Amino acid sequence: MKKLLSLIFVASLAFVGCGDDKDKSADSSDSNKTEKQDKIVLKVGATPVPHAEILEFVKPDLAEQGIDLQVVSFTDYVLPNISLNDGSLDANFHQHKPFLDSLKADKGLKLESIATIHIEPLGLYSSKIKSIDELPQNATIAIPNDPSNGGRALLLLEAKGLIKLKDSSNLTSTELDIVENAKGIKIKPVEAALLPRTLNDVDVAVINGNYALQAGLKSGDALVLEGKESPYANILVVQESRVNDETLQKLKNALQSQKVKDFIETQYKGEIVPAF
């Protein structure tokens with residue numbers, strides 16, 4: 001009988017011990033969950049290169065400030081703005097202000113820029129000619145099909161003496177605004193992300209810096225490159241109602257840090273230029 005009681009007593013101690021371990025494990029799990037819940041999630045839309053790369057670079061610094069930065073990749077310029085406007089994103093980083101202003105006017109979006117980050121020079125690229133002087137008569141030139149980047153491309157063509165526009169101050173000029181065209185150039189509007197793929201089908205393509213970089217094109221490959229004085233700096237955009245949001249201001253500060261400036265200059269070697 002004494003032996004039976006002893007066995008029961010030992011078994012009860014073992015049971016209590018197991019309970020303690022489970023409780024400790026549960027406490028640890030709850031603690032980890034609480035730690036994750038305490039982090040503020042910040043969803044930012046971006047095109048892959050260089051925007052998403054820059055955001056990934058600042059992710060650890062933001063994590064130290066209690067911010068879980070989640071980068072959502074897009075391959076076009078419109079959807080990140082629609083998603084931001086409807087609240088699916090907290091911010092986006094992929095565009096310049098003339099594009100944003102044009103889209104806001106067209107779609108009634110309530111968005112605002114809170115920081116300029118870098119410039120991606122627009123360039124003329126070709127797989128058929130080595131110099132702009134070799135451009136043949138009646139050449140076809142592909143340009144971005146959105147109003148702001150299309151106008152920007154035409155201004156670059158005008159600056160290089162290839163065409164003359166009705167109003168050189170109009171940032172949203174179209175091919176219908178060309179008043180002089182000595183070479184009989186044919187303008188072919190194409191979605192910006194697809195421009196690198198047109199190089200074998202056209203004589204020249206005017207390609208945005210981020211898509212050129214993504215396609216493996218270097219600024220040194222460009223027949224003509226937009227100057228560093230370009231007003232088309234890429235911006236960090238948020239909803240109008242959140243311009244002064246503390247968490248978004250922390251993201252702004254991280255993106256405009258000396259650390260990011262050094263990263264851009266080292267990583268992209270002049271293909272992209274800091275604008276702050």
# chains A, B, ... in the order shown; residues from 1 in each chain; ligands from 1
>>> select_by_dssp(residues="segment 57-162 of chain A", states="alpha helix (DSSP H)", output="VMD selection string")
chain A and resid 57 to 63 79 to 85 97 to 107 147 to 159
>>> residues_around(residues="Glu120 of chain A", least_positions_apart="3", cutoff="8 Å", atoms="only C-alpha atoms", output="ChimeraX atom specification")
/A:208-210,232-234,271-273
>>> atom_distance(atom1="atom CA of Ala192 of chain A", atom2="atom CA of Thr140 of chain A")
16.1 Å
>>> atom_distance(atom1="atom CA of Ser173 of chain A", atom2="atom CA of Ala153 of chain A")
9.3 Å
>>> residues_around(residues="segment 97-112 of chain A", least_positions_apart="4", cutoff="8 Å", atoms="only C-alpha atoms", output="PyMOL selection string")
chain A and resi 78+81-82+84-85+147-149+171+232-235+237-240+243
>>> residues_around(residues="segment 49-64 of chain A", least_positions_apart="3", cutoff="6 Å", atoms="only C-alpha atoms", output="list in words")
Ala46, Ile67, Asp68, Leu69, Asn210 and Gln214 of chain A
>>> atom_distance(atom1="atom CA of Asn244 of chain A", atom2="atom CA of Lys261 of chain A")
23.2 Å
>>> closest_residue(among="A:Asn145, A:Thr116, A:Ser88, A:Gln70", to="Pro231 of chain A", atoms="only C-alpha atoms")
A:Thr116
>>> residues_around(residues="Ser169 of chain A", least_positions_apart="4", cutoff="10 Å", atoms="only C-alpha atoms", output="short mmCIF file (atom, residue, chain, number, x, y, z; two decimals) with C-alpha atoms, in the first residue's frame")
data_model
loop_
_atom_site.label_atom_id
_atom_site.label_comp_id
_atom_site.auth_asym_id
_atom_site.auth_seq_id
_atom_site.Cartn_x
_atom_site.Cartn_y
_atom_site.Cartn_z
CA GLY A 151 5.14 64.77 -72.25
CA LEU A 155 10.38 67.53 -74.13
CA LEU A 165 6.45 71.44 -79.68
CA SER A 173 2.27 67.60 -74.45
#
>>> closest_residue(among="A:Leu42, A:Leu157, A:Val179, A:Leu251", to="Leu124 of chain A", atoms="only C-alpha atoms")
A:Leu157
>>> closest_residue(among="A:Leu255, A:Asn200, A:Gly150, A:Leu213", to="Gln267 of chain A", atoms="only C-alpha atoms")
A:Leu213
>>> select_by_dssp(residues="segment 196-276 of chain A", states="strand (DSSP E)", output="ChimeraX atom specification")
/A:204-207,224-225,233-239,273-274
>>> closest_residue(among="A:Leu195, A:Leu154, A:Leu217, A:Ile143", to="Asn170 of chain A", atoms="only C-alpha atoms")
A:Leu154
>>> closest_residue(among="A:Asn138, A:Gln95, A:Asn253, A:Ser168", to="Val204 of chain A", atoms="only C-alpha atoms")
A:Asn138
>>> closest_residue(among="A:Asp146, A:Ser131, A:Gln65, A:Leu122", to="Asp38 of chain A", atoms="only C-alpha atoms")
A:Gln65
>>> residues_around(residues="Ile163 of chain A", least_positions_apart="6", cutoff="12 Å", atoms="only C-alpha atoms", output="list in words")
Ile141, Ala153, Leu154, Leu155, Leu156, Leu157, Thr174, Glu175, Leu176, Asp177, Ile178, Val179, Glu180, Asn181, Ala182, Lys183, Gly184, Ile185, Lys186 and Ile187 of chain A
